[in-house]
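Undergrad: Below is the file input29.cif, with mmCIF, C-alpha atoms.
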```cif
data_upload
#
loop_
_atom_site.label_atom_id
_atom_site.label_comp_id
_atom_site.auth_asym_id
_atom_site.auth_seq_id
_atom_site.Cartn_x
_atom_site.Cartn_y
_atom_site.Cartn_z
CA MET A 23 -18.61 27.23 -16.09
CA LYS A 24 -17.42 26.75 -19.66
CA PRO A 25 -13.80 26.70 -20.75
CA ALA A 26 -12.40 29.79 -22.45
CA ALA A 27 -11.60 29.25 -26.12
CA PHE A 28 -8.43 27.36 -26.93
CA ASP A 29 -6.73 25.79 -29.92
CA TYR A 30 -6.52 22.02 -29.91
CA VAL A 31 -4.12 19.47 -31.34
CA ALA A 32 -4.10 15.71 -30.94
CA PRO A 33 -0.67 14.56 -32.16
CA THR A 34 -0.04 10.92 -33.04
CA SER A 35 3.45 10.65 -31.57
CA LEU A 36 5.02 11.56 -28.22
CA GLU A 37 7.75 13.50 -30.01
CA ALA A 38 5.13 15.59 -31.84
CA ALA A 39 3.32 16.24 -28.56
CA VAL A 40 6.53 17.45 -26.91
CA ALA A 41 7.24 19.65 -29.95
CA ALA A 42 3.72 21.15 -29.74
CA LEU A 43 4.18 21.79 -26.02
CA ALA A 44 7.53 23.48 -26.62
CA ALA A 45 6.04 25.57 -29.44
CA ALA A 46 3.27 26.73 -27.09
CA ASN A 47 5.95 28.59 -25.16
CA GLY A 48 4.49 28.03 -21.71
CA ASP A 49 0.90 28.65 -22.82
CA GLY A 50 -0.01 25.03 -23.57
CA LYS A 51 -1.59 22.33 -21.42
CA VAL A 52 -1.29 18.59 -21.88
CA LEU A 53 -4.61 16.71 -21.75
CA ALA A 54 -4.52 13.07 -20.65
CA GLY A 55 -7.74 11.85 -18.99
CA GLY A 56 -8.90 15.36 -18.15
CA GLN A 57 -10.27 14.55 -14.70
CA SER A 58 -8.16 17.26 -13.04
CA LEU A 59 -7.59 19.59 -15.99
CA MET A 60 -11.24 19.79 -17.15
CA PRO A 61 -12.57 21.22 -13.86
CA LEU A 62 -9.76 23.81 -13.94
CA LEU A 63 -10.72 24.70 -17.53
CA ASN A 64 -14.43 24.85 -16.67
CA PHE A 65 -13.73 27.21 -13.76
CA ARG A 66 -11.36 29.16 -16.05
CA MET A 67 -8.72 28.80 -13.36
CA THR A 68 -6.46 27.94 -16.28
CA ARG A 69 -6.85 29.48 -19.76
CA PRO A 70 -4.24 27.85 -22.00
CA ALA A 71 -3.86 29.05 -25.60
CA ILE A 72 -3.61 25.45 -26.78
CA ILE A 73 -4.55 22.01 -25.51
CA ILE A 74 -2.27 19.14 -26.54
CA ASP A 75 -4.33 15.96 -26.32
CA LEU A 76 -2.41 12.69 -25.87
CA MET A 77 -5.37 10.39 -26.66
CA HIS A 78 -4.34 9.56 -30.23
CA ILE A 79 -0.73 8.58 -29.45
CA PRO A 80 -0.52 4.80 -29.86
CA GLY A 81 1.16 2.56 -27.30
CA MET A 82 0.66 4.75 -24.23
CA SER A 83 -1.84 2.51 -22.46
CA PHE A 84 -0.46 -0.81 -21.18
CA ILE A 85 0.38 -2.77 -18.04
CA GLU A 86 3.32 -5.16 -18.56
CA LEU A 87 5.54 -7.32 -16.39
CA ARG A 88 9.16 -6.76 -17.47
CA GLY A 89 11.49 -8.83 -15.33
CA ASP A 90 11.21 -7.61 -11.74
CA ARG A 91 9.25 -4.48 -12.67
CA VAL A 92 5.72 -3.62 -13.75
CA SER A 93 5.68 -0.97 -16.48
CA ILE A 94 2.55 1.10 -16.94
CA GLY A 95 1.87 3.48 -19.83
CA ALA A 96 1.01 7.05 -18.87
CA MET A 97 -2.43 6.92 -20.58
CA THR A 98 -3.47 3.79 -18.65
CA ARG A 99 -6.64 4.56 -16.71
CA HIS A 100 -7.12 4.03 -12.99
CA ALA A 101 -9.90 1.55 -13.81
CA ASP A 102 -7.41 -0.50 -15.88
CA LEU A 103 -5.24 -0.85 -12.77
CA GLU A 104 -8.25 -1.54 -10.54
CA PHE A 105 -9.33 -4.54 -12.63
CA SER A 106 -5.87 -5.81 -13.64
CA GLU A 107 -4.95 -9.31 -12.47
CA LEU A 108 -1.28 -8.51 -13.00
CA VAL A 109 -1.49 -5.49 -10.67
CA ALA A 110 -3.42 -7.51 -8.07
CA ALA A 111 -0.76 -10.23 -8.13
CA LYS A 112 2.39 -8.11 -8.32
CA LEU A 113 1.48 -4.73 -6.76
CA PRO A 114 -1.13 -5.59 -4.09
CA VAL A 115 -0.91 -2.25 -2.25
CA LEU A 116 -1.51 -0.36 -5.49
CA ALA A 117 -4.44 -2.65 -6.29
CA ALA A 118 -5.97 -2.07 -2.84
CA ALA A 119 -5.63 1.71 -3.20
CA MET A 120 -7.39 2.00 -6.55
CA ARG A 121 -10.97 1.80 -5.30
CA HIS A 122 -10.23 4.80 -3.07
CA VAL A 123 -9.50 6.93 -6.14
CA ALA A 124 -12.53 9.17 -6.67
CA HIS A 125 -15.44 7.29 -8.25
CA LEU A 126 -15.83 4.71 -11.02
CA ALA A 127 -16.74 7.35 -13.65
CA ILE A 128 -13.56 9.27 -12.77
CA ARG A 129 -11.43 6.12 -12.72
CA ASN A 130 -12.80 5.26 -16.16
CA LYS A 131 -11.13 8.40 -17.57
CA GLY A 132 -8.42 9.53 -15.17
CA THR A 133 -4.94 8.36 -16.17
CA ILE A 134 -1.77 7.39 -14.35
CA GLY A 135 0.34 10.00 -16.12
CA GLY A 136 -2.26 12.67 -15.45
CA SER A 137 -2.49 11.94 -11.73
CA LEU A 138 1.30 11.91 -11.35
CA SER A 139 1.71 15.15 -13.31
CA HIS A 140 -1.09 16.90 -11.40
CA ALA A 141 0.80 16.01 -8.16
CA ASP A 142 -2.10 16.41 -5.77
CA PRO A 143 -0.69 15.83 -2.25
CA ALA A 144 -3.78 13.82 -1.28
CA ALA A 145 -4.04 11.63 -4.41
CA GLU A 146 -3.39 7.90 -4.14
CA LEU A 147 -1.24 7.29 -7.21
CA PRO A 148 1.57 9.76 -6.37
CA MET A 149 1.73 8.28 -2.87
CA LEU A 150 1.91 4.73 -4.19
CA ALA A 151 4.67 5.77 -6.61
CA VAL A 152 6.66 7.10 -3.64
CA PHE A 153 5.82 4.04 -1.52
CA TYR A 154 7.07 1.58 -4.14
CA GLY A 155 10.04 3.72 -5.15
CA ALA A 156 8.73 3.86 -8.72
CA THR A 157 10.57 5.45 -11.62
CA ILE A 158 8.75 8.08 -13.68
CA LYS A 159 9.85 8.23 -17.31
CA VAL A 160 9.52 11.49 -19.17
CA GLN A 161 10.15 12.73 -22.71
CA GLY A 162 11.49 16.21 -23.46
CA PRO A 163 12.83 17.95 -26.56
CA GLU A 164 16.34 16.68 -25.80
CA GLY A 165 15.28 13.09 -25.16
CA ARG A 166 14.15 10.91 -22.31
CA ARG A 167 15.05 10.79 -18.63
CA ASP A 168 14.10 8.74 -15.58
CA ILE A 169 13.01 10.47 -12.38
CA PRO A 170 12.70 8.67 -9.02
CA ALA A 171 9.19 9.26 -7.63
CA GLU A 172 10.55 10.84 -4.46
CA ASP A 173 12.27 13.55 -6.53
CA PHE A 174 9.29 14.06 -8.84
CA PHE A 175 6.91 15.73 -6.36
CA VAL A 176 8.18 19.16 -5.32
CA SER A 177 5.21 20.61 -3.43
CA ALA A 178 1.42 20.69 -3.63
CA LEU A 179 0.34 20.48 -7.30
CA THR A 180 3.95 21.01 -8.39
CA ASN A 181 6.21 18.45 -10.03
CA CYS A 182 9.83 18.73 -11.11
CA LEU A 183 9.16 18.56 -14.88
CA ASP A 184 10.56 21.12 -17.28
CA ALA A 185 7.87 23.05 -19.16
CA GLU A 186 8.31 20.92 -22.31
CA GLU A 187 8.42 17.48 -20.69
CA ILE A 188 5.65 14.85 -20.74
CA VAL A 189 5.34 11.72 -18.57
CA PHE A 190 5.03 8.65 -20.79
CA GLU A 191 5.55 5.69 -18.46
CA ILE A 192 5.90 4.66 -14.82
CA GLU A 193 7.86 1.65 -13.68
CA PHE A 194 7.02 -0.02 -10.36
CA PRO A 195 9.54 -2.46 -8.81
CA VAL A 196 7.89 -5.71 -7.70
CA LEU A 197 8.70 -5.98 -3.99
CA THR A 198 9.75 -9.50 -3.08
CA SER A 199 9.83 -9.17 0.74
CA HIS A 200 6.32 -7.91 0.87
CA ALA A 201 4.13 -10.55 2.52
CA GLY A 202 2.76 -8.17 5.15
CA TRP A 203 1.14 -5.08 3.74
CA ALA A 204 -1.72 -2.68 4.42
CA PHE A 205 -3.30 0.43 2.94
CA GLU A 206 -5.48 2.60 5.17
CA GLU A 207 -7.20 5.84 4.21
CA VAL A 208 -9.85 8.12 5.67
CA ALA A 209 -11.71 10.70 3.57
CA ARG A 210 -14.75 12.78 4.47
CA ARG A 211 -16.79 10.94 1.87
CA PHE A 212 -15.71 7.68 0.22
CA GLY A 213 -13.71 8.55 -2.88
CA ASP A 214 -12.91 12.10 -1.79
CA PHE A 215 -9.31 13.16 -1.41
CA ALA A 216 -7.69 11.67 1.70
CA LEU A 217 -7.60 13.47 5.03
CA ALA A 218 -4.82 11.07 5.92
CA CYS A 219 -3.51 7.84 4.44
CA ILE A 220 -0.74 5.32 5.13
CA ALA A 221 0.75 2.34 3.33
CA VAL A 222 2.93 -0.16 5.18
CA SER A 223 4.72 -3.31 4.12
CA PHE A 224 7.27 -5.65 5.67
CA GLU A 225 8.34 -9.26 5.94
CA LEU A 226 8.57 -11.37 9.10
CA PHE A 227 11.65 -13.52 9.58
CA ASP A 228 11.80 -15.45 12.86
CA ARG A 229 9.12 -13.05 14.16
CA GLN A 230 11.43 -10.14 13.36
CA ILE A 231 10.39 -7.40 10.96
CA THR A 232 12.59 -6.89 7.90
CA ASP A 233 12.30 -4.81 4.72
CA ALA A 234 9.95 -2.29 6.31
CA ARG A 235 8.44 0.32 4.06
CA VAL A 236 6.14 3.17 5.15
CA ALA A 237 4.60 6.03 3.16
CA VAL A 238 1.97 8.61 4.10
CA MET A 239 -0.04 11.37 2.47
CA GLY A 240 -2.41 14.10 3.51
CA VAL A 241 0.01 15.20 6.21
CA ALA A 242 2.48 17.20 4.08
CA ASP A 243 2.52 19.06 0.77
CA THR A 244 3.81 15.95 -1.00
CA PRO A 245 3.44 12.22 -0.33
CA ARG A 246 6.34 11.02 1.83
CA ARG A 247 8.34 7.90 2.64
CA LEU A 248 8.88 7.83 6.42
CA ARG A 249 12.40 6.44 6.74
CA ASP A 250 12.51 7.03 10.51
CA ALA A 251 9.37 4.95 10.91
CA GLU A 252 10.88 2.27 8.65
CA ALA A 253 14.02 2.22 10.80
CA ALA A 254 11.89 1.89 13.93
CA LEU A 255 10.17 -1.18 12.47
CA GLN A 256 13.37 -2.85 11.31
CA GLY A 257 14.22 -5.79 13.56
CA LEU A 258 11.15 -5.19 15.72
CA GLN A 259 9.92 -8.31 17.49
CA GLY A 260 6.51 -9.06 18.86
CA GLY A 261 3.07 -9.06 17.37
CA PRO A 262 0.16 -6.68 17.02
CA GLU A 263 0.82 -5.30 20.51
CA ALA A 264 3.68 -3.31 18.96
CA ALA A 265 1.14 -1.32 16.89
CA ALA A 266 0.68 1.50 19.41
CA GLY A 267 4.42 2.13 19.53
CA PHE A 268 4.59 2.24 15.74
CA ALA A 269 1.69 4.72 15.68
CA GLU A 270 3.61 6.97 18.08
CA VAL A 271 6.67 6.92 15.81
CA VAL A 272 4.55 7.77 12.75
CA ARG A 273 2.90 10.64 14.64
CA SER A 274 6.30 12.02 15.62
CA CYS A 275 7.44 11.95 11.96
CA VAL A 276 4.74 14.29 10.61
CA THR A 277 3.76 17.92 11.13
CA PRO A 278 0.46 18.33 9.27
CA GLU A 279 -1.31 21.65 8.81
CA SER A 280 -4.88 22.71 9.55
CA ASP A 281 -7.18 23.37 6.63
CA ILE A 282 -10.84 23.95 5.85
CA HIS A 283 -11.65 20.29 6.60
CA VAL A 284 -9.83 19.43 9.83
CA SER A 285 -7.28 20.74 12.31
CA ALA A 286 -3.60 19.77 12.36
CA GLU A 287 -4.14 17.98 15.68
CA TYR A 288 -6.94 15.88 14.21
CA ARG A 289 -4.82 14.91 11.21
CA LYS A 290 -1.92 13.93 13.44
CA SER A 291 -4.18 11.84 15.63
CA LEU A 292 -5.80 10.27 12.56
CA ILE A 293 -2.52 9.24 10.90
CA GLY A 294 -1.56 7.54 14.16
CA ALA A 295 -4.84 5.65 14.31
CA LEU A 296 -4.42 4.56 10.69
CA ALA A 297 -0.81 3.52 11.37
CA GLU A 298 -1.96 1.33 14.23
CA LYS A 299 -4.61 -0.33 12.10
CA ALA A 300 -2.21 -0.76 9.16
CA PHE A 301 0.44 -2.33 11.38
CA VAL A 302 -1.98 -4.96 12.70
CA THR A 303 -3.25 -5.78 9.21
CA ALA A 304 0.27 -6.00 7.78
CA TRP A 305 1.51 -8.12 10.68
CA THR A 306 -1.42 -10.51 10.35
CA ARG A 307 -0.79 -10.90 6.63
CA ALA A 308 2.95 -11.37 7.21
CA ALA A 309 2.41 -13.96 9.95
CA GLY A 310 0.28 -16.00 7.55
CA HIS A 311 3.26 -16.24 5.21
CA ALA A 312 6.11 -16.29 7.73
CA PRO A 313 8.50 -19.28 7.77
CA MET B 29 -11.42 26.93 -34.51
CA LYS B 30 -14.00 24.26 -35.36
CA MET B 31 -13.63 20.53 -35.78
CA ASP B 32 -15.84 17.95 -37.47
CA ILE B 33 -16.92 15.02 -35.35
CA VAL B 34 -19.21 12.03 -35.81
CA VAL B 35 -20.63 10.50 -32.65
CA THR B 36 -23.03 7.60 -32.23
CA VAL B 37 -25.58 8.34 -29.50
CA ASN B 38 -28.15 5.72 -28.56
CA GLY B 39 -27.52 3.93 -31.86
CA ARG B 40 -27.95 6.99 -34.05
CA LYS B 41 -25.09 8.80 -35.80
CA TYR B 42 -24.73 12.56 -35.33
CA ALA B 43 -22.27 14.66 -37.35
CA ALA B 44 -21.43 18.18 -36.20
CA SER B 45 -18.81 20.88 -36.45
CA VAL B 46 -17.86 21.98 -32.94
CA GLU B 47 -15.45 24.22 -31.09
CA PRO B 48 -12.76 22.23 -29.22
CA ARG B 49 -13.88 23.80 -25.94
CA LEU B 50 -17.44 22.44 -26.23
CA LEU B 51 -18.14 20.06 -23.36
CA LEU B 52 -19.62 16.69 -24.25
CA SER B 53 -22.52 17.46 -21.87
CA ASP B 54 -23.36 20.60 -23.87
CA PHE B 55 -22.96 18.73 -27.15
CA ILE B 56 -25.51 16.17 -25.97
CA ARG B 57 -27.99 18.69 -24.57
CA ASP B 58 -27.64 21.68 -26.89
CA THR B 59 -26.14 20.46 -30.16
CA ILE B 60 -28.18 17.29 -30.58
CA GLY B 61 -31.02 18.17 -28.20
CA LEU B 62 -31.03 15.17 -25.85
CA THR B 63 -31.88 16.91 -22.59
CA GLY B 64 -32.22 13.77 -20.47
CA THR B 65 -28.58 14.18 -19.44
CA HIS B 66 -28.63 16.73 -16.63
CA VAL B 67 -25.92 19.24 -15.82
CA GLY B 68 -25.46 20.06 -12.14
CA CYS B 69 -22.06 21.23 -10.97
CA GLU B 70 -20.09 21.25 -14.25
CA HIS B 71 -16.90 20.26 -12.49
CA GLY B 72 -17.23 16.54 -11.97
CA VAL B 73 -18.55 16.45 -8.41
CA CYS B 74 -22.33 15.85 -8.61
CA GLY B 75 -22.51 12.99 -11.13
CA ALA B 76 -25.78 14.18 -12.73
CA CYS B 77 -24.23 14.29 -16.23
CA THR B 78 -22.90 10.71 -16.15
CA ILE B 79 -23.25 8.85 -19.47
CA LEU B 80 -21.77 5.69 -20.99
CA VAL B 81 -18.93 6.19 -23.48
CA ASN B 82 -17.85 2.96 -25.19
CA GLY B 83 -19.53 1.10 -22.33
CA ASP B 84 -17.85 2.95 -19.44
CA SER B 85 -19.55 5.52 -17.21
CA VAL B 86 -17.96 8.96 -17.54
CA ARG B 87 -18.74 12.52 -16.52
CA SER B 88 -19.84 14.25 -19.72
CA CYS B 89 -18.97 17.66 -18.19
CA LEU B 90 -15.34 16.54 -17.83
CA THR B 91 -14.95 15.49 -21.45
CA LEU B 92 -14.54 17.55 -24.58
CA ALA B 93 -16.96 16.75 -27.40
CA VAL B 94 -14.03 16.54 -29.85
CA ARG B 95 -12.64 13.61 -27.80
CA ALA B 96 -15.86 11.69 -28.42
CA ASP B 97 -15.29 11.62 -32.19
CA GLY B 98 -16.02 8.03 -33.27
CA ALA B 99 -17.31 7.03 -29.83
CA ASP B 100 -20.40 5.01 -29.03
CA ILE B 101 -22.44 6.83 -26.38
CA VAL B 102 -25.50 5.82 -24.40
CA THR B 103 -27.53 8.44 -22.53
CA VAL B 104 -30.58 7.92 -20.33
CA GLU B 105 -32.78 8.16 -23.46
CA GLY B 106 -31.03 4.99 -24.65
CA LEU B 107 -32.11 2.82 -21.73
CA GLY B 108 -35.81 1.95 -21.75
CA THR B 109 -38.87 3.77 -23.07
CA PRO B 110 -41.75 5.09 -20.94
CA ASP B 111 -43.77 2.03 -21.99
CA GLU B 112 -40.92 -0.38 -21.57
CA LEU B 113 -38.49 0.63 -18.83
CA ASN B 114 -35.30 -1.36 -18.52
CA THR B 115 -34.52 -3.38 -15.37
CA ILE B 116 -32.81 -0.66 -13.39
CA GLN B 117 -35.42 1.95 -14.37
CA THR B 118 -38.17 -0.46 -13.33
CA GLN B 119 -36.55 -0.93 -9.93
CA PHE B 120 -36.19 2.85 -9.45
CA ARG B 121 -39.97 3.08 -10.05
CA GLU B 122 -40.80 0.08 -7.84
CA LYS B 123 -38.65 1.25 -4.93
CA HIS B 124 -39.42 4.98 -5.29
CA GLY B 125 -35.75 5.66 -6.03
CA LEU B 126 -36.40 9.25 -7.11
CA GLN B 127 -38.24 12.36 -6.05
CA CYS B 128 -37.43 15.49 -8.07
CA GLY B 129 -35.59 13.43 -10.68
CA PHE B 130 -32.70 15.80 -11.27
CA CYS B 131 -29.98 13.33 -10.24
CA THR B 132 -31.82 10.31 -11.67
CA PRO B 133 -30.23 10.14 -15.15
CA GLY B 134 -26.76 10.14 -13.59
CA MET B 135 -27.84 7.61 -10.96
CA LEU B 136 -29.23 5.28 -13.65
CA MET B 137 -26.15 5.50 -15.88
CA THR B 138 -23.84 4.97 -12.89
CA ALA B 139 -25.93 1.99 -11.79
CA MET B 140 -25.64 0.47 -15.29
CA ASP B 141 -21.84 0.50 -15.01
CA LEU B 142 -21.78 -0.63 -11.35
CA LEU B 143 -24.00 -3.61 -12.18
CA LYS B 144 -21.65 -4.57 -14.99
CA LYS B 145 -18.40 -4.36 -12.98
CA TYR B 146 -19.06 -5.11 -9.31
CA PRO B 147 -20.73 -7.90 -7.32
CA LEU B 148 -22.75 -5.30 -5.31
CA SER B 149 -23.22 -7.97 -2.67
CA SER B 150 -23.67 -5.50 0.20
CA ASP B 151 -25.30 -2.11 0.76
CA ASP B 152 -21.85 -0.78 1.70
CA GLU B 153 -20.57 -1.70 -1.73
CA ILE B 154 -23.59 -0.09 -3.43
CA ARG B 155 -23.15 3.11 -1.39
CA GLU B 156 -19.43 3.14 -2.19
CA GLY B 157 -20.33 2.89 -5.87
CA LEU B 158 -22.85 5.73 -5.57
CA SER B 159 -20.54 8.02 -3.59
CA GLY B 160 -19.87 10.12 -6.68
CA ASN B 161 -23.55 10.88 -7.34
CA LEU B 162 -25.33 13.50 -5.27
CA CYS B 163 -29.07 13.40 -4.57
CA ARG B 164 -30.57 16.21 -2.51
CA CYS B 165 -34.04 14.64 -2.05
CA THR B 166 -34.19 11.03 -1.03
CA GLY B 167 -31.37 10.40 1.40
CA TYR B 168 -30.29 7.57 -0.93
CA GLN B 169 -32.21 4.85 0.94
CA ASN B 170 -34.54 4.03 -1.93
CA ILE B 171 -31.87 4.46 -4.59
CA VAL B 172 -29.79 1.84 -2.78
CA ALA B 173 -32.87 -0.38 -2.53
CA ALA B 174 -33.49 -0.08 -6.29
CA ILE B 175 -29.91 -1.03 -7.14
CA ARG B 176 -29.95 -3.86 -4.59
CA ALA B 177 -33.08 -5.22 -6.29
CA ALA B 178 -31.54 -4.85 -9.77
CA ALA B 179 -28.40 -6.67 -8.57
CA ALA B 180 -30.55 -9.49 -7.20
CA LEU B 181 -32.36 -9.80 -10.53
CA ARG B 182 -29.02 -9.84 -12.33
CA ASN B 183 -27.90 -12.69 -10.06
CA GLY B 184 -31.10 -14.60 -10.83
CA SER B 185 -32.76 -14.23 -7.43
CA ALA B 186 -36.00 -12.43 -6.60
CA PRO B 187 -35.52 -8.77 -5.55
#
```
What is this file in structure tokens?
TA:
Amino acid sequence: MKPAAFDYVAPTSLEAAVAALAAANGDGKVLAGGQSLMPLLNFRMTRPAIIIDLMHIPGMSFIELRGDRVSIGAMTRHADLEFSELVAAKLPVLAAAMRHVAHLAIRNKGTIGGSLSHADPAAELPMLAVFYGATIKVQGPEGRRDIPAEDFFVSALTNCLDAEEIVFEIEFPVLTSHAGWAFEEVARRFGDFALACIAVSFELFDRQITDARVAVMGVADTPRRLRDAEAALQGLQGGPEAAAGFAEVVRSCVTPESDIHVSAEYRKSLIGALAEKAFVTAWTRAAGHAP
Amino acid sequence: MKMDIVVTVNGRKYAASVEPRLLLSDFIRDTIGLTGTHVGCEHGVCGACTILVNGDSVRSCLTLAVRADGADIVTVEGLGTPDELNTIQTQFREKHGLQCGFCTPGMLMTAMDLLKKYPLSSDDEIREGLSGNLCRCTGYQNIVAAIRAAAALRNGSAP
């Protein structure tokens, strides 16, 4: 349970880090907060020749409101988001999700860029990036590019990055029609990876639902926006009694798999139950703000 | 490959030349000989090796020693002394919050950070905060009671 030997560099610029990664020729690993990479190193499930540590690159940890977007540096820790007043005010679903991320000691180290890059299909941050339609900004040897969150996650633990690219920032749009929202998750133990999880948001206008947004995780190999479920909500009238119908739509949108923890049937049933709960919470919040 | 680091632990400076792969938990236990920090799972699940780095609780088994260069660390030896336990240690003794003691250093260091950052106004909130620390003896009841009492003292009411 000790890492195999590796070389180590801690560059002081993003460009130098990308250059070191490219020079490693596929045998380098980028270290951000280490809360996913360190267990893999300890188990020797990965044995990179060189570790490229981002901790000494200045300007990679920040949360800033820029117009109608919140920009977050890749080295920002989960705990920074959890306790940020800006995040609570502008990205309430993200704020609500943060305490579900592992445990305080993990949130004190684990970073936004690390969680996105690790692409765990049951991790909160990738799902919230998909939910909000965030933009992931990456640096490669040829320059920078922007990747929509929905294109970033390819399959379980696999992102779309080229071997020499590093995530340096994520940009969340501030949703304006967002008064009704909810985040519901069930894990075997609080802080464990989700068995199933859903985020919902919408606005009520004349008791009609508009701007519906639905994302789930734990029921596929990547987090997913459920556009069919969003379409089903659009224009929907009526109150919390519509929750059961919404749950049925969400259930019909997913085909989860069985694993060591629970069966596919259980997961499908669970995501429906969470959808029902989330709908009621979101509707109640929205009604409190409705014109 | 070796790298020179200087780390402050419990107010004292330690300089050492270490391999980059050395875990901070092993640096603390083996290099500088502070064995109060316990190592359980070595992959971030059990919480026994939790310490404070620059005031925040972290898993020392999920950190490289080289990343702690220049850091200010507190381990369980930096809390109270056997003659003068600190508040949370006192409450663990009063409420019988330990049996074998293996998880206790991690529980204490986690509790230090929880007390600093959360209201801890309900047992649910305390249990949520402790969900990353495993104890195989007590069933947590008395650990929760100790933290509840420490939170009450922090808030100025009797435990």
Undergrad: Quick check: residues of chain A within 8 Å of chain B, all atoms listed in the file, returned as a PDB file with C-alpha atoms, keeping the file's coordinate frame.
TA:
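Everything below was put into result-v6.pdb:
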```pdb
ATOM      1  CA  MET A  23     -18.610  27.230 -16.090  1.00  0.00           C
ATOM      2  CA  LYS A  24     -17.420  26.750 -19.660  1.00  0.00           C
ATOM      3  CA  PRO A  25     -13.800  26.700 -20.750  1.00  0.00           C
ATOM      4  CA  ALA A  26     -12.400  29.790 -22.450  1.00  0.00           C
ATOM      5  CA  ALA A  27     -11.600  29.250 -26.120  1.00  0.00           C
ATOM      6  CA  PHE A  28      -8.430  27.360 -26.930  1.00  0.00           C
ATOM      7  CA  ASP A  29      -6.730  25.790 -29.920  1.00  0.00           C
ATOM      8  CA  TYR A  30      -6.520  22.020 -29.910  1.00  0.00           C
ATOM      9  CA  GLY A  56      -8.900  15.360 -18.150  1.00  0.00           C
ATOM     10  CA  GLN A  57     -10.270  14.550 -14.700  1.00  0.00           C
ATOM     11  CA  MET A  60     -11.240  19.790 -17.150  1.00  0.00           C
ATOM     12  CA  PRO A  61     -12.570  21.220 -13.860  1.00  0.00           C
ATOM     13  CA  ASN A  64     -14.430  24.850 -16.670  1.00  0.00           C
ATOM     14  CA  PHE A  65     -13.730  27.210 -13.760  1.00  0.00           C
ATOM     15  CA  ALA A 124     -12.530   9.170  -6.670  1.00  0.00           C
ATOM     16  CA  HIS A 125     -15.440   7.290  -8.250  1.00  0.00           C
ATOM     17  CA  LEU A 126     -15.830   4.710 -11.020  1.00  0.00           C
ATOM     18  CA  ALA A 127     -16.740   7.350 -13.650  1.00  0.00           C
ATOM     19  CA  ILE A 128     -13.560   9.270 -12.770  1.00  0.00           C
ATOM     20  CA  ASN A 130     -12.800   5.260 -16.160  1.00  0.00           C
ATOM     21  CA  LYS A 131     -11.130   8.400 -17.570  1.00  0.00           C
ATOM     22  CA  ARG A 211     -16.790  10.940   1.870  1.00  0.00           C
ATOM     23  CA  PHE A 212     -15.710   7.680   0.220  1.00  0.00           C
ATOM     24  CA  GLY A 213     -13.710   8.550  -2.880  1.00  0.00           C
TER      25      GLY A 213
END
```
Undergrad: State, in Å with one decimal place, the distance from atom CA of A:Leu108 to atom CA of A:Ala297.
TA: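 About the pair atom CA of A:Leu108 and atom CA of A:Ala297: they are 27.2 Å apart.
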Undergrad: Please write the residues picked by the PyMOL selection byres ((chain A and resi 89) around 12) on this file as a count of residues only.
TA: 12
Undergrad: Hey, what's within 6 Å of stretch 153-164 of chain A if we count only C-alpha atoms and toss same-chain stuff fewer than 2 positions away? As a list in words, please?
TA: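 Using only C-alpha atoms, the neighbours found are Leu150, Ala151, Arg166, Arg167, Asp168, Ile169, Pro170, Ala171, Glu186, Glu187, Ile188, Val189, Phe190, Glu191, Ile192, Glu193, Phe194 and Ala237 of chain A.
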Undergrad: So what does the PyMOL selection byres ((chain A and resi 272-283) around 9) actually pick up in this one, as a list in words?
TA: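 Applied to this file, the PyMOL selection byres ((chain A and resi 272-283) around 9) returns Arg210, Leu217, Gly240, Val241, Ala242, Asp243, Leu248, Asp250, Ala251, Gly267, Phe268, Ala269, Glu270, Val271, Val284, Ser285, Ala286, Glu287, Tyr288, Arg289, Lys290, Ser291, Leu292, Ile293, Gly294 and Ala297 of chain A.
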Undergrad: Would you output that residue set with C-alpha atoms, as an mmCIF file, in the frame of the given file?
TA:
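Below is the file selection10.cif, written as the result:
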```cif
data_model
loop_
_atom_site.group_PDB
_atom_site.id
_atom_site.type_symbol
_atom_site.label_atom_id
_atom_site.label_comp_id
_atom_site.auth_asym_id
_atom_site.auth_seq_id
_atom_site.Cartn_x
_atom_site.Cartn_y
_atom_site.Cartn_z
ATOM 1 C CA ARG A 210 -14.750 12.780 4.470
ATOM 2 C CA LEU A 217 -7.600 13.470 5.030
ATOM 3 C CA GLY A 240 -2.410 14.100 3.510
ATOM 4 C CA VAL A 241 0.010 15.200 6.210
ATOM 5 C CA ALA A 242 2.480 17.200 4.080
ATOM 6 C CA ASP A 243 2.520 19.060 0.770
ATOM 7 C CA LEU A 248 8.880 7.830 6.420
ATOM 8 C CA ASP A 250 12.510 7.030 10.510
ATOM 9 C CA ALA A 251 9.370 4.950 10.910
ATOM 10 C CA GLY A 267 4.420 2.130 19.530
ATOM 11 C CA PHE A 268 4.590 2.240 15.740
ATOM 12 C CA ALA A 269 1.690 4.720 15.680
ATOM 13 C CA GLU A 270 3.610 6.970 18.080
ATOM 14 C CA VAL A 271 6.670 6.920 15.810
ATOM 15 C CA VAL A 284 -9.830 19.430 9.830
ATOM 16 C CA SER A 285 -7.280 20.740 12.310
ATOM 17 C CA ALA A 286 -3.600 19.770 12.360
ATOM 18 C CA GLU A 287 -4.140 17.980 15.680
ATOM 19 C CA TYR A 288 -6.940 15.880 14.210
ATOM 20 C CA ARG A 289 -4.820 14.910 11.210
ATOM 21 C CA LYS A 290 -1.920 13.930 13.440
ATOM 22 C CA SER A 291 -4.180 11.840 15.630
ATOM 23 C CA LEU A 292 -5.800 10.270 12.560
ATOM 24 C CA ILE A 293 -2.520 9.240 10.900
ATOM 25 C CA GLY A 294 -1.560 7.540 14.160
ATOM 26 C CA ALA A 297 -0.810 3.520 11.370
#
```
